[in-house]
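A short write-up of the structure that comes next.
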Amino acid sequence: MRTRLGVNVDHVATIRQARGTRYPDPVTTAAMAELAGADQITVHLREDRRHIQDRDLRILKETVQTRLNLEMAATDEMVGIALALGPDSVTLVPEKREEQTTEGGLDVVAQESALRAVCDALMDADIVVSLFIDPETAQIDAASRLGVQVVEIHTGDYAEADDDETHEDELRRIERAAEHAAASGLVVAAGHGLDYVNVADIAAIPEIEELNIGHSIVARAVLVGFERAVREMKDLLGAR
Ligand code: PXP
């Protein structure tokens, strides 16, 4: 079975926000990702609005042709936004203001009762709920108890492994977690830090149905598109 690709366009918005311009627009990028075969568009609306804006979300809801997956913290503000918007799915992630990017999975075990109300409210509104968790049995079991449909396994420790032994250990952890989650009846997704070098081993895990990938795709786009972008600017300057 082919693994579905969710393309995360947050970092297109990061470039836009760096200058406060209208471009590059993550909405346009999402449409291009779909033309190239993306199965889903993923965006993280952060509390501090450092990249994706509320306006992006509103337009994406109107324009995404595949599926819109909203990553968000389990806060009252975000739950209100999700219920008003109605994305296809919500992925609940932990969020700290000072972090560079999402660090670690959600501690579902510790927050089970608080998460129950959030998950129930979203599922009652027909939104598929996914929990972003570390590859740990206890977290998967807690997600099962909450009755959510999907778990997304955090691949950050795997992606950051800087020697072969750690790489193998982290890969085995993810494989075991994926097997356990699938055996528990959960749809299994994975993501974070996946790139053009490390993705193959994860995509080969049969239980993993979906990968959400952002930073490496946006970074690659800068490089593969750079030469053309310079040529186009050069053309505007005219021949000498
Ligand atoms: N999945 C989740 C739940 C995330 O929080 C992120 C980062 O926003 C990603 C996938 C994508 O990670 P990356 O940008 O490293 O590919």
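Chain identifiers are assigned as A, B, and so on, following the order in which chains appear in the structure tokens; residues are numbered from 1 within each chain, and ligands are numbered from 1 in order of appearance.
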
What are the DSSP alpha helix (DSSP H) residues of stretch 2-232 of chain A, as an MDAnalysis selection string? chainID A and resid 10:19 26:35 54:63 76:85 112:124 137:146 156:160 164:183 199:203 215:232

Which residues are near ligand 1 in this structure, taking near to mean any atom at most 7 Å from a ligand atom and counting only C-alpha atoms and all ligand atoms? Format them as a PyMOL selection string. chain A and resi 8+44+71+91+93+101-102+132+152+190-194+212-216

Considering only C-alpha atoms, return as a list in words whatever protein or nucleic-acid residues lie within 12 Å of stretch 163-172 of chain A, sequence-local ones (same chain, fewer than 5 positions apart) excluded. Asp134, Pro135, Glu136, Ile153, His154, Thr155, Gly156, Asp157, Tyr158, Ala177, Ala178, Glu179, Ala190, Asn198, Val199, Ala200, Asp201, Ile202, Ala203, Ala204 and Ile205 of chain A

Compare A:Asp120, A:Glu160, A:Asp10, A:Asp195 by their minimum atom-to-atom distance to A:Ile41, counting only C-alpha atoms, and give me the closest one. A:Asp10

So which residues touch A:Leu57 within 10 Å, counting only C-alpha atoms, skipping near sequence neighbours fewer than 4 positions away, as a list in words? Pro26, Val27, Val43, His44, Leu45, Ile52, Gln53, Lys61, Glu62, Thr63, Leu68, Leu70, Ile81, Ala82, Leu85 and Pro87 of chain A

Selection export as an mmCIF file, in the first residue's frame, atoms kept: N, CA and C atoms:
```cif
data_model
loop_
_atom_site.group_PDB
_atom_site.id
_atom_site.type_symbol
_atom_site.label_atom_id
_atom_site.label_comp_id
_atom_site.auth_asym_id
_atom_site.auth_seq_id
_atom_site.Cartn_x
_atom_site.Cartn_y
_atom_site.Cartn_z
ATOM 1 N N PRO A 26 1.011 30.540 1.558
ATOM 2 C CA PRO A 26 0.859 29.092 1.810
ATOM 3 C C PRO A 26 -0.389 28.508 1.144
ATOM 4 N N VAL A 27 -1.364 29.375 0.856
ATOM 5 C CA VAL A 27 -2.576 28.886 0.186
ATOM 6 C C VAL A 27 -2.240 28.475 -1.247
ATOM 7 N N VAL A 43 -1.442 22.163 8.366
ATOM 8 C CA VAL A 43 -0.945 23.454 8.864
ATOM 9 C C VAL A 43 -1.057 23.474 10.383
ATOM 10 N N HIS A 44 -0.124 24.165 11.003
ATOM 11 C CA HIS A 44 -0.127 24.300 12.464
ATOM 12 C C HIS A 44 -0.434 25.759 12.791
ATOM 13 N N LEU A 45 -1.611 25.994 13.337
ATOM 14 C CA LEU A 45 -1.940 27.344 13.797
ATOM 15 C C LEU A 45 -1.412 27.451 15.225
ATOM 16 N N ILE A 52 1.536 30.353 10.219
ATOM 17 C CA ILE A 52 0.171 30.308 9.665
ATOM 18 C C ILE A 52 -0.724 31.305 10.410
ATOM 19 N N GLN A 53 -1.538 32.030 9.640
ATOM 20 C CA GLN A 53 -2.459 33.025 10.188
ATOM 21 C C GLN A 53 -3.900 32.494 10.085
ATOM 22 N N LYS A 61 -9.592 26.251 4.031
ATOM 23 C CA LYS A 61 -10.838 25.475 4.213
ATOM 24 C C LYS A 61 -11.693 25.533 2.940
ATOM 25 N N GLU A 62 -11.660 26.690 2.259
ATOM 26 C CA GLU A 62 -12.446 26.852 1.029
ATOM 27 C C GLU A 62 -11.777 26.191 -0.172
ATOM 28 N N THR A 63 -10.437 26.142 -0.169
ATOM 29 C CA THR A 63 -9.739 25.793 -1.410
ATOM 30 C C THR A 63 -9.110 24.402 -1.433
ATOM 31 N N LEU A 68 -7.869 18.688 4.750
ATOM 32 C CA LEU A 68 -7.188 19.726 5.542
ATOM 33 C C LEU A 68 -7.004 19.201 6.967
ATOM 34 N N LEU A 70 -5.535 20.151 10.582
ATOM 35 C CA LEU A 70 -5.118 21.274 11.412
ATOM 36 C C LEU A 70 -4.377 20.763 12.643
ATOM 37 N N ILE A 81 -11.697 27.596 17.404
ATOM 38 C CA ILE A 81 -11.371 27.829 15.988
ATOM 39 C C ILE A 81 -11.668 26.572 15.159
ATOM 40 N N ALA A 82 -11.254 25.423 15.677
ATOM 41 C CA ALA A 82 -11.459 24.167 14.933
ATOM 42 C C ALA A 82 -12.950 23.878 14.753
ATOM 43 N N LEU A 85 -14.348 26.177 12.156
ATOM 44 C CA LEU A 85 -13.814 25.957 10.804
ATOM 45 C C LEU A 85 -14.235 24.619 10.203
ATOM 46 N N PRO A 87 -12.181 21.562 9.965
ATOM 47 C CA PRO A 87 -11.210 20.885 9.094
ATOM 48 C C PRO A 87 -11.542 19.393 9.039
#
```

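For the residues A:Ala30, A:Ala36, A:Val128, A:Leu115, ranking by smallest atom-to-atom distance to A:His11 using only C-alpha atoms places A:Ala30 first.
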
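Closest approach to A:Gly86 among A:Ile127, A:Cys119, A:Val108, A:Ile140 is made by A:Ile127 (distances from only C-alpha atoms).
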
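Minimum distance to A:Thr28 across A:Glu209, A:Asp56, A:Asp141, A:Glu103 (counting only C-alpha atoms) occurs at A:Asp56.
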
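Proximity to A:Met1 was assessed for A:Glu95, A:Glu210, A:Glu77, A:Asp235 counting only C-alpha atoms; the smallest distance is recorded for A:Glu210.
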
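The closest residue to A:Val64, picked from A:Leu186, A:Arg46, A:Tyr196, A:Asp88 and counting only C-alpha atoms, is A:Asp88.
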
Extract the full set of strand (DSSP E) residues from stretch 7-208 of chain A according to DSSP on the backbone, and format it as a ChimeraX atom specification. /A:7-8,40-44,68-72,89-92,128-133,150-154,187-191,208

As a PDB file with C-alpha atoms, in the first residue's frame, please: the residues near A:Ser144 (cut-off 12 Å, only C-alpha atoms, same-chain neighbours under 4 positions excluded).
```pdb
ATOM      1  CA  VAL A 108      -1.701  11.684  26.745  1.00  0.00           C
ATOM      2  CA  VAL A 109      -1.172   9.564  29.860  1.00  0.00           C
ATOM      3  CA  GLU A 112      -6.009  11.960  29.725  1.00  0.00           C
ATOM      4  CA  ARG A 116     -11.046  13.600  26.770  1.00  0.00           C
ATOM      5  CA  CYS A 119     -11.328  14.964  21.742  1.00  0.00           C
ATOM      6  CA  VAL A 129      -8.874  13.395  15.806  1.00  0.00           C
ATOM      7  CA  SER A 130      -5.198  12.454  15.730  1.00  0.00           C
ATOM      8  CA  LEU A 131      -2.840  12.618  18.717  1.00  0.00           C
ATOM      9  CA  THR A 137       3.046   1.798  24.371  1.00  0.00           C
ATOM     10  CA  ALA A 138       1.537   3.708  27.310  1.00  0.00           C
ATOM     11  CA  GLN A 139       0.777   6.724  25.113  1.00  0.00           C
ATOM     12  CA  ILE A 140      -0.818   4.537  22.430  1.00  0.00           C
ATOM     13  CA  VAL A 148      -9.526   8.812  18.795  1.00  0.00           C
ATOM     14  CA  GLN A 149      -9.147   7.479  15.263  1.00  0.00           C
ATOM     15  CA  VAL A 150      -5.477   8.282  14.560  1.00  0.00           C
ATOM     16  CA  VAL A 151      -2.109   8.509  16.287  1.00  0.00           C
ATOM     17  CA  HIS A 180       0.970  -1.863  18.550  1.00  0.00           C
ATOM     18  CA  ALA A 181      -1.126   1.106  17.436  1.00  0.00           C
ATOM     19  CA  ALA A 182      -2.417  -0.707  14.336  1.00  0.00           C
ATOM     20  CA  ALA A 183      -3.203  -3.804  16.405  1.00  0.00           C
ATOM     21  CA  SER A 184      -5.199  -1.510  18.732  1.00  0.00           C
ATOM     22  CA  GLY A 185      -7.321  -0.422  15.764  1.00  0.00           C
ATOM     23  CA  LEU A 186      -5.741   3.005  15.316  1.00  0.00           C
ATOM     24  CA  VAL A 187      -4.805   4.531  11.973  1.00  0.00           C
ATOM     25  CA  VAL A 188      -1.061   5.205  12.169  1.00  0.00           C
TER      26      VAL A 188
END
```
